[in-house]
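A.B. asks: Hey, dropping input-v3.csv in here, CSV, C-alpha atoms and all ligand atoms:
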```csv
chain,number,residue,atom,x,y,z
M,1,GLU,CA,-24.9,15.7,8.1
M,2,SER,CA,-26.3,13.4,5.5
M,3,VAL,CA,-25.2,12.6,2.0
M,4,ARG,CA,-27.4,10.9,-0.6
M,5,VAL,CA,-25.7,8.2,-2.6
M,6,ALA,CA,-27.4,6.4,-5.5
M,7,VAL,CA,-26.6,2.7,-5.6
M,8,ILE,CA,-26.6,0.8,-8.9
M,9,GLY,CA,-25.6,-2.8,-8.3
M,10,GLY,CA,-26.3,-3.9,-11.8
M,11,ASP,CA,-25.7,-7.4,-13.1
M,12,GLY,CA,-23.7,-10.5,-12.1
M,13,ILE,CA,-21.2,-9.9,-9.4
M,14,GLY,CA,-22.1,-6.1,-9.4
M,15,PRO,CA,-24.6,-6.3,-6.5
M,16,GLU,CA,-22.4,-8.8,-4.6
M,17,VAL,CA,-19.4,-6.5,-4.5
M,18,VAL,CA,-21.4,-3.3,-3.9
M,19,THR,CA,-23.0,-4.9,-0.8
M,20,GLU,CA,-19.4,-5.3,0.6
M,21,ALA,CA,-18.5,-1.7,-0.4
M,22,ARG,CA,-21.5,-0.5,1.6
M,23,ARG,CA,-20.6,-2.7,4.6
M,24,VAL,CA,-17.1,-1.1,4.6
M,25,LEU,CA,-18.6,2.4,4.2
M,26,GLU,CA,-20.8,1.9,7.2
M,27,ALA,CA,-17.9,0.8,9.3
M,28,ALA,CA,-15.7,3.7,8.1
M,29,LEU,CA,-18.4,6.3,9.0
M,30,ALA,CA,-19.4,4.8,12.3
M,31,GLN,CA,-17.4,7.3,14.2
M,32,GLU,CA,-18.0,10.3,11.9
M,33,PRO,CA,-20.8,12.8,12.2
M,34,VAL,CA,-21.9,11.9,8.6
M,35,GLU,CA,-24.6,9.5,7.5
M,36,ILE,CA,-25.2,8.1,4.0
M,37,GLU,CA,-28.7,7.8,2.7
M,38,TYR,CA,-28.8,5.2,0.0
M,39,VAL,CA,-31.2,5.3,-2.9
M,40,GLU,CA,-31.2,2.1,-5.0
M,41,PHE,CA,-31.7,2.0,-8.7
M,42,SER,CA,-32.2,-1.0,-10.9
M,43,LEU,CA,-30.3,-0.8,-14.1
M,44,GLY,CA,-28.5,-3.2,-16.4
M,45,ALA,CA,-29.1,-6.3,-18.6
M,46,GLU,CA,-31.5,-7.9,-16.2
M,47,HIS,CA,-33.5,-4.8,-15.9
M,48,TRP,CA,-33.5,-4.3,-19.6
M,49,LEU,CA,-34.6,-7.8,-20.3
M,50,GLY,CA,-37.4,-7.4,-17.8
M,51,THR,CA,-38.6,-3.9,-18.8
M,52,GLY,CA,-37.1,-3.0,-22.2
M,53,GLU,CA,-35.6,0.0,-20.6
M,54,THR,CA,-31.9,0.9,-20.6
M,55,LEU,CA,-31.7,4.3,-18.9
M,56,SER,CA,-34.8,6.5,-18.8
M,57,GLU,CA,-34.9,10.2,-18.7
M,58,GLU,CA,-36.7,10.0,-15.4
M,59,THR,CA,-34.0,7.8,-13.8
M,60,LEU,CA,-31.3,10.2,-15.2
M,61,GLU,CA,-33.2,13.1,-13.6
M,62,GLN,CA,-33.3,11.3,-10.2
M,63,LEU,CA,-29.6,10.4,-10.5
M,64,ARG,CA,-28.7,14.1,-11.1
M,65,GLY,CA,-30.1,14.9,-7.7
M,66,VAL,CA,-27.8,12.7,-5.6
M,67,ASP,CA,-24.4,13.6,-4.1
M,68,ALA,CA,-22.6,10.5,-5.6
M,69,ILE,CA,-23.2,7.3,-7.4
M,70,LEU,CA,-21.9,3.9,-6.3
M,71,PHE,CA,-21.9,1.5,-9.3
M,72,GLY,CA,-21.2,-2.2,-9.6
M,73,ALA,CA,-21.2,-3.4,-13.1
M,74,VAL,CA,-23.7,-3.9,-16.0
M,75,GLY,CA,-23.5,-6.5,-18.7
M,76,ALA,CA,-25.2,-9.7,-19.7
M,77,HIS,CA,-23.6,-13.1,-20.2
M,78,PRO,CA,-21.9,-13.0,-23.6
M,79,GLN,CA,-23.9,-16.1,-24.6
M,80,ASP,CA,-27.2,-14.4,-23.9
M,81,GLU,CA,-28.5,-13.7,-27.4
M,82,LYS,CA,-31.4,-11.6,-26.1
M,83,ALA,CA,-29.0,-8.9,-25.0
M,84,PRO,CA,-27.2,-7.4,-28.0
M,85,SER,CA,-23.6,-6.9,-27.2
M,86,GLY,CA,-22.5,-3.3,-26.6
M,87,LEU,CA,-26.1,-2.0,-26.0
M,88,LEU,CA,-25.7,-1.5,-22.3
M,89,GLU,CA,-22.2,-0.1,-22.6
M,90,ARG,CA,-23.5,2.6,-24.9
M,91,GLU,CA,-27.0,3.1,-23.5
M,92,VAL,CA,-26.1,2.9,-19.8
M,93,LEU,CA,-22.4,3.5,-19.2
M,94,LEU,CA,-21.5,5.9,-21.9
M,95,ARG,CA,-24.9,7.7,-21.5
M,96,LEU,CA,-24.3,8.2,-17.8
M,97,ARG,CA,-20.8,9.5,-18.5
M,98,PHE,CA,-21.8,12.0,-21.1
M,99,SER,CA,-25.1,13.1,-19.5
M,100,LEU,CA,-23.5,13.6,-16.1
M,101,ASP,CA,-20.4,15.3,-17.7
M,102,HIS,CA,-17.9,12.9,-16.2
M,103,SER,CA,-14.9,14.7,-17.7
M,104,VAL,CA,-12.3,12.9,-15.6
M,105,ASN,CA,-12.0,9.2,-15.4
M,106,LEU,CA,-9.6,8.5,-12.5
M,107,ARG,CA,-7.8,5.2,-12.1
M,108,PRO,CA,-5.3,4.8,-9.3
M,109,ALA,CA,-2.7,2.1,-9.9
M,110,ARG,CA,-1.1,0.7,-6.7
M,111,THR,CA,0.5,-2.5,-5.7
M,112,TYR,CA,-0.9,-4.0,-2.5
M,113,PRO,CA,0.7,-6.7,-0.4
M,114,GLY,CA,0.3,-10.2,-1.8
M,115,THR,CA,-1.0,-9.0,-5.2
M,116,ALA,CA,0.5,-10.8,-8.1
M,117,THR,CA,2.3,-8.1,-10.2
M,118,PRO,CA,3.8,-9.9,-13.2
M,119,LEU,CA,6.8,-7.4,-13.1
M,120,ALA,CA,10.2,-8.6,-12.1
M,121,GLY,CA,11.5,-7.4,-8.8
M,122,ALA,CA,7.9,-6.4,-7.8
M,123,PRO,CA,8.6,-2.7,-7.6
M,124,GLU,CA,6.4,-0.5,-5.5
M,125,ILE,CA,3.9,1.2,-7.8
M,126,ASP,CA,1.7,4.1,-6.8
M,127,PHE,CA,0.4,6.4,-9.6
M,128,VAL,CA,-2.9,7.6,-10.9
M,129,VAL,CA,-4.1,8.0,-14.4
M,130,VAL,CA,-6.3,11.0,-15.1
M,131,ARG,CA,-8.1,10.1,-18.3
M,132,GLU,CA,-10.3,12.5,-20.2
M,133,GLY,CA,-13.8,11.1,-20.2
M,134,THR,CA,-16.1,13.0,-22.6
M,135,GLU,CA,-14.1,13.8,-25.7
M,136,GLY,CA,-11.6,12.3,-28.1
M,137,PRO,CA,-12.7,9.6,-30.5
M,138,TYR,CA,-15.5,8.5,-28.1
M,139,VAL,CA,-18.0,11.3,-29.0
M,140,GLY,CA,-19.5,9.4,-32.0
M,141,ASN,CA,-18.3,12.0,-34.4
M,142,GLY,CA,-17.9,9.9,-37.5
M,143,GLY,CA,-19.6,7.9,-40.2
M,144,ALA,CA,-19.2,5.5,-43.1
M,145,ILE,CA,-19.9,5.9,-46.7
M,146,ARG,CA,-20.2,3.2,-49.4
M,147,ARG,CA,-20.7,0.9,-46.4
M,148,GLY,CA,-20.3,-2.8,-47.1
M,149,THR,CA,-18.5,-2.2,-50.4
M,150,ALA,CA,-14.8,-2.6,-51.2
M,151,HIS,CA,-14.6,1.2,-51.3
M,152,GLU,CA,-16.0,1.9,-47.8
M,153,ILE,CA,-14.6,4.8,-46.0
M,154,ALA,CA,-15.1,5.1,-42.2
M,155,THR,CA,-14.2,8.0,-40.0
M,156,GLU,CA,-14.1,8.5,-36.2
M,157,THR,CA,-13.1,12.0,-35.5
M,158,SER,CA,-11.4,12.8,-32.3
M,159,LEU,CA,-12.9,15.9,-30.7
M,160,ASN,CA,-10.7,18.0,-28.3
M,161,THR,CA,-11.9,21.3,-26.9
M,162,ALA,CA,-9.8,23.9,-25.0
M,163,HIS,CA,-12.4,23.8,-22.1
M,164,GLY,CA,-12.4,20.0,-22.1
M,165,VAL,CA,-8.7,19.6,-22.1
M,166,ARG,CA,-8.1,22.3,-19.6
M,167,ARG,CA,-10.4,21.0,-16.9
M,168,VAL,CA,-8.7,17.6,-17.1
M,169,VAL,CA,-5.2,18.9,-17.0
M,170,GLU,CA,-6.1,21.2,-14.1
M,171,ASP,CA,-7.5,18.2,-12.2
M,172,ALA,CA,-4.2,16.3,-12.8
M,173,PHE,CA,-2.0,19.2,-11.5
M,174,THR,CA,-4.2,19.7,-8.5
M,175,ARG,CA,-4.0,16.0,-7.6
M,176,ALA,CA,-0.2,16.1,-8.1
M,177,GLU,CA,0.0,18.9,-5.5
M,178,SER,CA,-1.3,16.5,-2.8
M,179,ARG,CA,0.8,13.6,-4.1
M,180,ARG,CA,4.5,13.6,-5.1
M,181,GLY,CA,4.2,16.7,-7.3
M,182,HIS,CA,4.8,15.2,-10.7
M,183,VAL,CA,2.6,15.1,-13.9
M,184,THR,CA,3.3,13.2,-17.1
M,185,LEU,CA,1.4,14.3,-20.1
M,186,VAL,CA,0.9,11.3,-22.4
M,187,HIS,CA,-0.1,11.8,-26.1
M,188,LYS,CA,1.3,11.3,-29.6
M,189,HIS,CA,1.8,14.9,-30.6
M,190,ASN,CA,4.4,14.1,-33.2
M,191,VAL,CA,1.7,12.4,-35.4
M,192,LEU,CA,-1.6,13.7,-33.9
M,193,THR,CA,-0.3,17.3,-34.3
M,194,HIS,CA,-3.5,19.3,-33.9
M,195,ALA,CA,-4.9,17.6,-30.8
M,196,GLY,CA,-1.4,17.1,-29.5
M,197,ASP,CA,-0.6,20.8,-29.8
M,198,LEU,CA,-3.7,21.8,-27.8
M,199,TRP,CA,-2.9,19.3,-25.0
M,200,ARG,CA,0.7,20.5,-24.9
M,201,ARG,CA,-0.1,24.2,-24.8
M,202,THR,CA,-2.8,23.7,-22.2
M,203,THR,CA,-0.4,21.7,-20.0
M,204,GLU,CA,2.2,24.5,-20.3
M,205,THR,CA,-0.4,27.1,-19.3
M,206,VAL,CA,-1.7,25.1,-16.3
M,207,ALA,CA,1.8,24.1,-15.2
M,208,ALA,CA,2.7,27.8,-14.9
M,209,GLU,CA,-0.2,28.2,-12.5
M,210,HIS,CA,1.1,25.2,-10.4
M,211,PRO,CA,4.7,26.1,-9.8
M,212,GLY,CA,5.1,23.4,-7.2
M,213,VAL,CA,4.4,20.6,-9.7
M,214,GLU,CA,7.0,19.3,-12.2
M,215,TRP,CA,5.9,17.8,-15.5
M,216,ASP,CA,7.2,15.9,-18.5
M,217,TYR,CA,5.9,14.6,-21.7
M,218,MET,CA,5.9,11.1,-23.1
M,219,HIS,CA,4.6,9.6,-26.3
M,220,VAL,CA,1.9,6.9,-25.6
M,221,ASP,CA,3.9,4.1,-27.1
M,222,ALA,CA,6.9,5.0,-25.0
M,223,ALA,CA,4.6,5.2,-22.0
M,224,THR,CA,3.6,1.5,-22.3
M,225,ILE,CA,7.3,0.5,-22.2
M,226,HIS,CA,8.0,2.6,-19.1
M,227,MET,CA,4.9,1.3,-17.4
M,228,VAL,CA,6.2,-2.2,-17.7
M,229,ASN,CA,10.0,-1.5,-17.2
M,230,ASP,CA,9.9,1.4,-14.7
M,231,PRO,CA,6.4,2.1,-13.4
M,232,GLY,CA,7.8,3.6,-10.2
M,233,ARG,CA,8.7,6.8,-12.1
M,234,PHE,CA,5.0,7.8,-12.6
M,235,ASP,CA,3.0,9.9,-10.1
M,236,VAL,CA,0.1,11.5,-12.1
M,237,ILE,CA,-0.5,10.6,-15.7
M,238,VAL,CA,-2.8,12.8,-17.7
M,239,THR,CA,-4.0,11.7,-21.1
M,240,ASP,CA,-6.9,11.6,-23.6
M,241,ASN,CA,-9.8,9.3,-23.7
M,242,LEU,CA,-8.6,6.5,-25.9
M,243,PHE,CA,-4.9,6.5,-24.8
M,244,GLY,CA,-6.3,6.5,-21.2
M,245,ASP,CA,-8.6,3.5,-21.9
M,246,ILE,CA,-5.6,1.4,-23.0
M,247,LEU,CA,-3.1,2.7,-20.5
M,248,THR,CA,-5.4,2.1,-17.5
M,249,ASP,CA,-5.9,-1.5,-18.4
M,250,LEU,CA,-2.2,-1.9,-18.7
M,251,ALA,CA,-1.8,-0.2,-15.3
M,252,ALA,CA,-4.3,-2.6,-13.8
M,253,ALA,CA,-2.4,-5.6,-15.2
M,254,VAL,CA,1.0,-4.5,-13.9
M,255,THR,CA,-0.4,-3.8,-10.4
M,256,GLY,CA,-1.9,-7.2,-9.9
M,257,GLY,CA,-5.1,-7.4,-11.8
M,258,ILE,CA,-8.7,-6.5,-12.2
M,259,GLY,CA,-9.9,-7.6,-8.8
M,260,LEU,CA,-8.2,-4.6,-7.3
M,261,ALA,CA,-8.7,-1.8,-9.8
M,262,ALA,CA,-10.9,1.0,-8.7
M,263,SER,CA,-12.1,4.0,-10.6
M,264,ALA,CA,-14.0,7.3,-10.4
M,265,SER,CA,-15.8,9.1,-13.1
M,266,ILE,CA,-15.7,12.7,-11.9
M,267,ASN,CA,-17.7,15.8,-12.8
M,268,THR,CA,-15.0,18.4,-12.2
M,269,GLU,CA,-17.4,21.3,-12.2
M,270,GLY,CA,-19.8,20.0,-9.6
M,271,SER,CA,-22.8,20.3,-12.0
M,272,ALA,CA,-23.8,16.6,-11.5
M,273,PRO,CA,-22.8,13.7,-9.2
M,274,SER,CA,-19.6,11.8,-9.8
M,275,MET,CA,-19.7,8.0,-10.0
M,276,PHE,CA,-17.5,5.4,-8.4
M,277,GLU,CA,-17.1,1.8,-9.7
M,278,PRO,CA,-14.7,-1.1,-9.9
M,279,VAL,CA,-13.0,-1.4,-13.3
M,280,HIS,CA,-14.1,-5.0,-13.7
M,281,GLY,CA,-17.4,-6.1,-15.3
M,282,SER,CA,-20.3,-8.3,-14.2
M,283,ALA,CA,-18.2,-11.5,-14.4
M,284,PRO,CA,-21.0,-13.8,-15.4
M,285,ASP,CA,-18.7,-16.7,-15.2
M,286,ILE,CA,-18.5,-16.4,-11.4
M,287,ALA,CA,-21.7,-14.6,-10.6
M,288,GLY,CA,-24.0,-15.8,-7.8
M,289,GLN,CA,-21.3,-18.0,-6.2
M,290,GLN,CA,-20.0,-15.5,-3.6
M,291,ILE,CA,-16.4,-15.9,-4.8
M,292,ALA,CA,-15.9,-12.4,-6.4
M,293,ASP,CA,-13.2,-10.3,-4.9
M,294,PRO,CA,-14.9,-7.2,-3.5
M,295,THR,CA,-11.6,-5.2,-3.0
M,296,ALA,CA,-11.9,-3.1,-6.2
M,297,ALA,CA,-15.5,-2.1,-5.2
M,298,VAL,CA,-14.3,-1.3,-1.6
M,299,LEU,CA,-11.4,0.9,-3.0
M,300,SER,CA,-13.9,2.6,-5.3
M,301,ALA,CA,-16.0,3.5,-2.2
M,302,ALA,CA,-12.8,5.0,-0.7
M,303,LEU,CA,-12.5,7.2,-3.7
M,304,MET,CA,-16.1,8.3,-3.2
M,305,LEU,CA,-15.4,9.2,0.5
M,306,ASP,CA,-12.4,11.3,-0.7
M,307,HIS,CA,-14.5,13.0,-3.3
M,308,LEU,CA,-17.2,13.8,-0.7
M,309,GLY,CA,-14.6,15.6,1.4
M,310,LEU,CA,-14.3,12.7,3.9
M,311,SER,CA,-10.6,12.2,3.2
M,312,GLN,CA,-9.8,10.9,6.7
M,313,ALA,CA,-12.4,8.1,6.3
M,314,ALA,CA,-11.1,7.4,2.8
M,315,HIS,CA,-7.6,7.1,4.1
M,316,ARG,CA,-8.7,4.7,6.9
M,317,VAL,CA,-10.5,2.4,4.3
M,318,GLU,CA,-7.3,2.3,2.2
M,319,GLN,CA,-5.2,1.5,5.3
M,320,ALA,CA,-7.7,-1.2,6.4
M,321,VAL,CA,-7.5,-2.9,2.9
M,322,HIS,CA,-3.8,-2.6,2.9
M,323,ALA,CA,-3.5,-4.2,6.4
M,324,GLN,CA,-5.9,-7.0,5.7
M,325,LEU,CA,-4.3,-7.9,2.3
M,326,GLU,CA,-1.0,-7.9,4.1
M,327,ALA,CA,-2.4,-10.3,6.8
M,328,TRP,CA,-3.7,-12.6,4.1
M,329,ALA,CA,-0.4,-12.5,2.2
M,330,GLN,CA,1.4,-13.5,5.3
M,331,ALA,CA,-0.9,-16.4,6.1
M,332,PRO,CA,-2.3,-17.5,2.7
M,333,ASP,CA,-4.2,-20.4,4.3
M,334,SER,CA,-6.4,-17.9,6.1
M,335,ALA,CA,-7.4,-16.3,2.8
M,336,ARG,CA,-8.1,-19.4,0.9
M,337,GLY,CA,-11.7,-20.1,0.1
M,338,LEU,CA,-13.0,-16.9,1.7
M,339,SER,CA,-16.4,-15.8,0.3
M,340,THR,CA,-17.1,-12.3,-1.0
M,341,SER,CA,-18.9,-11.3,2.2
M,342,GLU,CA,-16.2,-12.8,4.4
M,343,ARG,CA,-13.7,-10.6,2.7
M,344,GLY,CA,-15.9,-7.6,3.0
M,345,LYS,CA,-16.4,-8.3,6.7
M,346,ALA,CA,-12.7,-8.7,7.3
M,347,PHE,CA,-12.1,-5.2,5.8
M,348,ALA,CA,-15.0,-3.7,7.9
M,349,ALA,CA,-13.7,-5.3,11.1
M,350,ARG,CA,-10.4,-3.4,10.8
M,351,LEU,CA,-12.3,-0.1,10.8
M,352,ARG,CA,-14.2,-0.7,14.0
M,353,PRO,CA,-12.4,0.7,17.1
M,401,LIG,P1,-15.2,-9.0,-16.5
M,401,LIG,O1,-14.4,-8.0,-15.8
M,401,LIG,O2,-16.6,-9.1,-16.0
M,401,LIG,O3,-14.5,-10.4,-16.2
M,401,LIG,C1,-13.2,-10.7,-16.8
M,401,LIG,C2,-12.6,-11.9,-16.0
M,401,LIG,O4,-12.2,-11.4,-14.7
M,401,LIG,C3,-13.6,-13.0,-15.7
M,401,LIG,O5,-12.9,-14.3,-15.7
M,401,LIG,C4,-14.1,-12.7,-14.3
M,401,LIG,O6,-14.5,-13.9,-13.6
M,401,LIG,C5,-12.9,-12.1,-13.6
M,401,LIG,N1,-13.2,-11.1,-12.6
M,401,LIG,C6,-13.8,-9.9,-12.8
M,401,LIG,N2,-14.0,-9.2,-11.7
M,401,LIG,C7,-13.6,-10.1,-10.7
M,401,LIG,C8,-13.6,-10.0,-9.3
M,401,LIG,N3,-14.1,-8.9,-8.6
M,401,LIG,N4,-13.2,-11.1,-8.6
M,401,LIG,C9,-12.7,-12.1,-9.2
M,401,LIG,N5,-12.7,-12.3,-10.6
M,401,LIG,C10,-13.1,-11.3,-11.3
M,401,LIG,O7,-15.1,-8.7,-18.0
M,401,LIG,P2,-15.9,-9.5,-19.2
M,401,LIG,O8,-16.0,-11.0,-18.9
M,401,LIG,O9,-15.2,-9.1,-20.4
M,401,LIG,O10,-17.3,-8.9,-19.3
M,401,LIG,C11,-18.5,-9.5,-18.6
M,401,LIG,C12,-19.6,-8.5,-18.8
M,401,LIG,O11,-19.4,-7.4,-18.0
M,401,LIG,C13,-19.9,-8.1,-20.2
M,401,LIG,O12,-21.3,-8.1,-20.4
M,401,LIG,C14,-19.3,-6.8,-20.3
M,401,LIG,O13,-19.9,-6.0,-21.3
M,401,LIG,C15,-19.5,-6.2,-18.9
M,401,LIG,N6,-18.6,-5.2,-18.5
M,401,LIG,C16,-19.1,-4.1,-17.7
M,401,LIG,C17,-18.3,-3.2,-17.2
M,401,LIG,C18,-18.9,-2.1,-16.4
M,401,LIG,O14,-20.0,-2.2,-16.0
M,401,LIG,N7,-18.2,-1.0,-16.1
M,401,LIG,C19,-16.8,-3.2,-17.5
M,401,LIG,C20,-16.4,-4.3,-18.2
M,401,LIG,C21,-17.2,-5.3,-18.7
M,402,MG,MG,-11.6,-0.4,-20.9
```
Turn this file's structure into structure tokens for me.

C.D. replies:
Amino acid sequence: ESVRVAVIGGDGIGPEVVTEARRVLEAALAQEPVEIEYVEFSLGAEHWLGTGETLSEETLEQLRGVDAILFGAVGAHPQDEKAPSGLLEREVLLRLRFSLDHSVNLRPARTYPGTATPLAGAPEIDFVVVREGTEGPYVGNGGAIRRGTAHEIATETSLNTAHGVRRVVEDAFTRAESRRGHVTLVHKHNVLTHAGDLWRRTTETVAAEHPGVEWDYMHVDAATIHMVNDPGRFDVIVTDNLFGDILTDLAAAVTGGIGLAASASINTEGSAPSMFEPVHGSAPDIAGQQIADPTAAVLSAALMLDHLGLSQAAHRVEQAVHAQLEAWAQAPDSARGLSTSERGKAFAARLRP
């Protein structure tokens, strides 16, 4: 069996960490009757500066034909005036997300050995945030009138559809069934009454179809407090696009930082490939030095294996990362000064029999 995976290394440390993710994938699949065929795509700031192209229709068409996309990061150095800020985020990242209908943005939050959680008592944290990915205030449904005057009025309307909310909530409940069986709906339905009502009713309906899963509701402001004071209470959090954006960064911070945070942008309907990427950006401040931490990219590759139905291999990658981070935590001298590829090789070595 063969699966086709598009690789978009992108800019800065993107290609460095994706190389390590591929190394680990190769080791994880060595014993499996599955082969990955990689198709490389050049996208990002460097590509744009060289060609004037952000994401062409043709590239998008080719991307639609693969089974999954492994993504590093795109983004120019903030001091690079030739690359207007925000262009790549909108023209590459958001465009991919909307064109490929990535309705769920999945971000696991887990503490690993030796990671520096700023929380007192270093509780064990293991939850996932299922963030809506294609609706809410991100759809560009707004405008400004009397722009630039003292009487300017700007709107950014949050769009929520029954279909869009339902597929995300369903994804959350299905995930909870193979985890600890608990979903927390996060919103602000006391103030955002129209969207909040749709999210709440949808959750009630979906919950009735998943009797094995318990659920509760939390306002988003309360959720930030609980995430810091008692993060162990969460199993699966389901929330809208904007709340999810903020909560997932908080989740990454409490679990020990951006070097470990993995993510998946999932097409829940199977109509286009899903995409797997570390949460961090292209880190121009450390690019080209082989000092980036490849762990987030490796854990994103594990999410990809799971999504492709290779859950055993996914589990083994997570175990390997866990064991290697534990070994480094116990002998910090052995971890000091390791390069990006030395770290990747250490994870891969744990997967070979
Ligand atoms: P960033 O995540 O690239 O870097 C923030 C800080 O974390 C930097 O000090 C960096 O050195 C450090 N860092 C990030 N990943 C690391 C890793 N794997 N190992 C060790 N240290 C790591 O965010 P920043 O600086 O705000 O953005 C830089 C560029 O990346 C910008 O052009 C931005 O637009 C883009 N970006 C792209 C994203 C994507 O492709 N999904 C996501 C976030 C930012
Ligand atoms: Mg963000």

A.B. asks: Point out the residue among M:Gly44, M:Gly86, M:Pro273, M:Gly12 with the least atom-to-atom distance to Ser103 of chain M, counting all atoms listed in the file.

C.D. replies: M:Pro273

A.B. asks: Restrict the calculation to all atoms listed in the file, then for each residue of segment 87-112 of chain M with any atom at most 12 Å from an atom of segment 226-231 of chain M give the closest atom pair and their distance in Å to one decimal, rows by chain and rising residue number, as a Markdown table.

C.D. replies:
```
| residue | atom | partner | partner_atom | distance |
| --- | --- | --- | --- | --- |
| M:Ala109 | CA | M:Pro231 | CA | 9.7 |
| M:Arg110 | CA | M:Pro231 | CA | 10.2 |
| M:Thr111 | CA | M:Pro231 | CA | 10.7 |
```

A.B. asks: Restrict the selected residues to C-alpha atoms and save them as a PDB file, in the coordinates of the input.

C.D. replies:
```
ATOM      1  CA  ALA M 109      -2.700   2.100  -9.900  1.00  0.00           C
ATOM      2  CA  ARG M 110      -1.100   0.700  -6.700  1.00  0.00           C
ATOM      3  CA  THR M 111       0.500  -2.500  -5.700  1.00  0.00           C
TER       4      THR M 111
END
```

A.B. asks: With all atoms listed in the file as the atoms that count, which of M:Arg167, M:His280, M:His187, M:Arg23 lies nearest to ligand MG 402 (chain M)?

C.D. replies: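 Of all the options, M:His280 lies closest to ligand MG 402 (chain M).
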
A.B. asks: Neighbours of ligand MG 402 (chain M) within 8 Å, counting only C-alpha atoms and all ligand atoms, as a ChimeraX atom specification?

C.D. replies: /M:245-246,248-249,279

A.B. asks: Restricting the calculation to only C-alpha atoms: of M:Gly50, M:Gly133, M:Gly75, M:Gly196, which residue gets closest to Pro284 of chain M?

C.D. replies: M:Gly75

A.B. asks: Find the residues near ligand LIG 401 (chain M). Use a cut-off of 6 Å, count only C-alpha atoms and all ligand atoms, and write them as number ranges by chain.

C.D. replies: M: 73-78, 258-259, 279-286, 292-294

A.B. asks: Under the rule of at most 12 Å, produce a per-residue listing of segment 53-116 of chain M near segment 311-324 of chain M: chain, number, name, the closest pair of atoms, and the distance in Å, as CSV, using only C-alpha atoms.

C.D. replies:
```
residue,atom,partner,partner_atom,distance
M:Pro108,CA,M:Glu318,CA,11.9
M:Arg110,CA,M:His322,CA,10.5
M:Thr111,CA,M:His322,CA,9.6
M:Tyr112,CA,M:His322,CA,6.3
M:Pro113,CA,M:His322,CA,6.9
M:Gly114,CA,M:His322,CA,9.8
M:Thr115,CA,M:His322,CA,10.7
```

A.B. asks: Deliver the residues from the most recent selection as a file, using C-alpha atoms, as an mmCIF file, keeping the file's coordinate frame.

C.D. replies:
```cif
data_model
loop_
_atom_site.group_PDB
_atom_site.id
_atom_site.type_symbol
_atom_site.label_atom_id
_atom_site.label_comp_id
_atom_site.auth_asym_id
_atom_site.auth_seq_id
_atom_site.Cartn_x
_atom_site.Cartn_y
_atom_site.Cartn_z
ATOM 1 C CA PRO M 108 -5.300 4.800 -9.300
ATOM 2 C CA ARG M 110 -1.100 0.700 -6.700
ATOM 3 C CA THR M 111 0.500 -2.500 -5.700
ATOM 4 C CA TYR M 112 -0.900 -4.000 -2.500
ATOM 5 C CA PRO M 113 0.700 -6.700 -0.400
ATOM 6 C CA GLY M 114 0.300 -10.200 -1.800
ATOM 7 C CA THR M 115 -1.000 -9.000 -5.200
#
```

A.B. asks: Please, what distance in Å, to one decimal, runs between atom CA of His102 of chain M and atom CA of Met304 of chain M?

C.D. replies: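 Computed distance, atom CA of His102 of chain M to atom CA of Met304 of chain M, equals 13.9 Å.
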
A.B. asks: For the atom pair atom CA of Pro211 of chain M and atom CA of Ile266 of chain M, what is the interatomic distance in Å to one decimal place?

C.D. replies: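 It comes out at 24.5 Å.
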
A.B. asks: May I ask which of the residues M:Ala264, M:Ala30, M:Val186, M:Leu242 is the closest one to Tyr217 of chain M, counting all atoms listed in the file?

C.D. replies: M:Val186

A.B. asks: Save segment 89-97 of chain M to a file: N, CA and C atoms, as a short mmCIF file (atom, residue, chain, number, x, y, z; two decimals), in the first residue's frame.

C.D. replies:
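Result saved to part-v2.cif:
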```cif
data_model
loop_
_atom_site.label_atom_id
_atom_site.label_comp_id
_atom_site.auth_asym_id
_atom_site.auth_seq_id
_atom_site.Cartn_x
_atom_site.Cartn_y
_atom_site.Cartn_z
N GLU M 89 0.21 34.70 5.31
CA GLU M 89 -0.80 34.12 6.19
C GLU M 89 -2.14 34.04 5.46
N ARG M 90 -2.50 35.16 4.79
CA ARG M 90 -3.79 35.16 4.11
C ARG M 90 -3.76 34.35 2.83
N GLU M 91 -2.71 34.57 2.02
CA GLU M 91 -2.70 34.01 0.66
C GLU M 91 -2.24 32.55 0.62
N VAL M 92 -1.55 32.10 1.63
CA VAL M 92 -1.15 30.69 1.65
C VAL M 92 -1.92 29.93 2.73
N LEU M 93 -1.71 30.31 3.99
CA LEU M 93 -2.29 29.52 5.09
C LEU M 93 -3.82 29.54 5.10
N LEU M 94 -4.39 30.77 5.11
CA LEU M 94 -5.85 30.84 5.15
C LEU M 94 -6.47 30.27 3.89
N ARG M 95 -5.80 30.52 2.75
CA ARG M 95 -6.35 30.04 1.48
C ARG M 95 -6.36 28.51 1.45
N LEU M 96 -5.28 27.89 1.93
CA LEU M 96 -5.26 26.43 2.00
C LEU M 96 -6.39 25.93 2.90
N ARG M 97 -6.52 26.57 4.05
CA ARG M 97 -7.52 26.13 5.02
C ARG M 97 -8.93 26.21 4.45
#
```
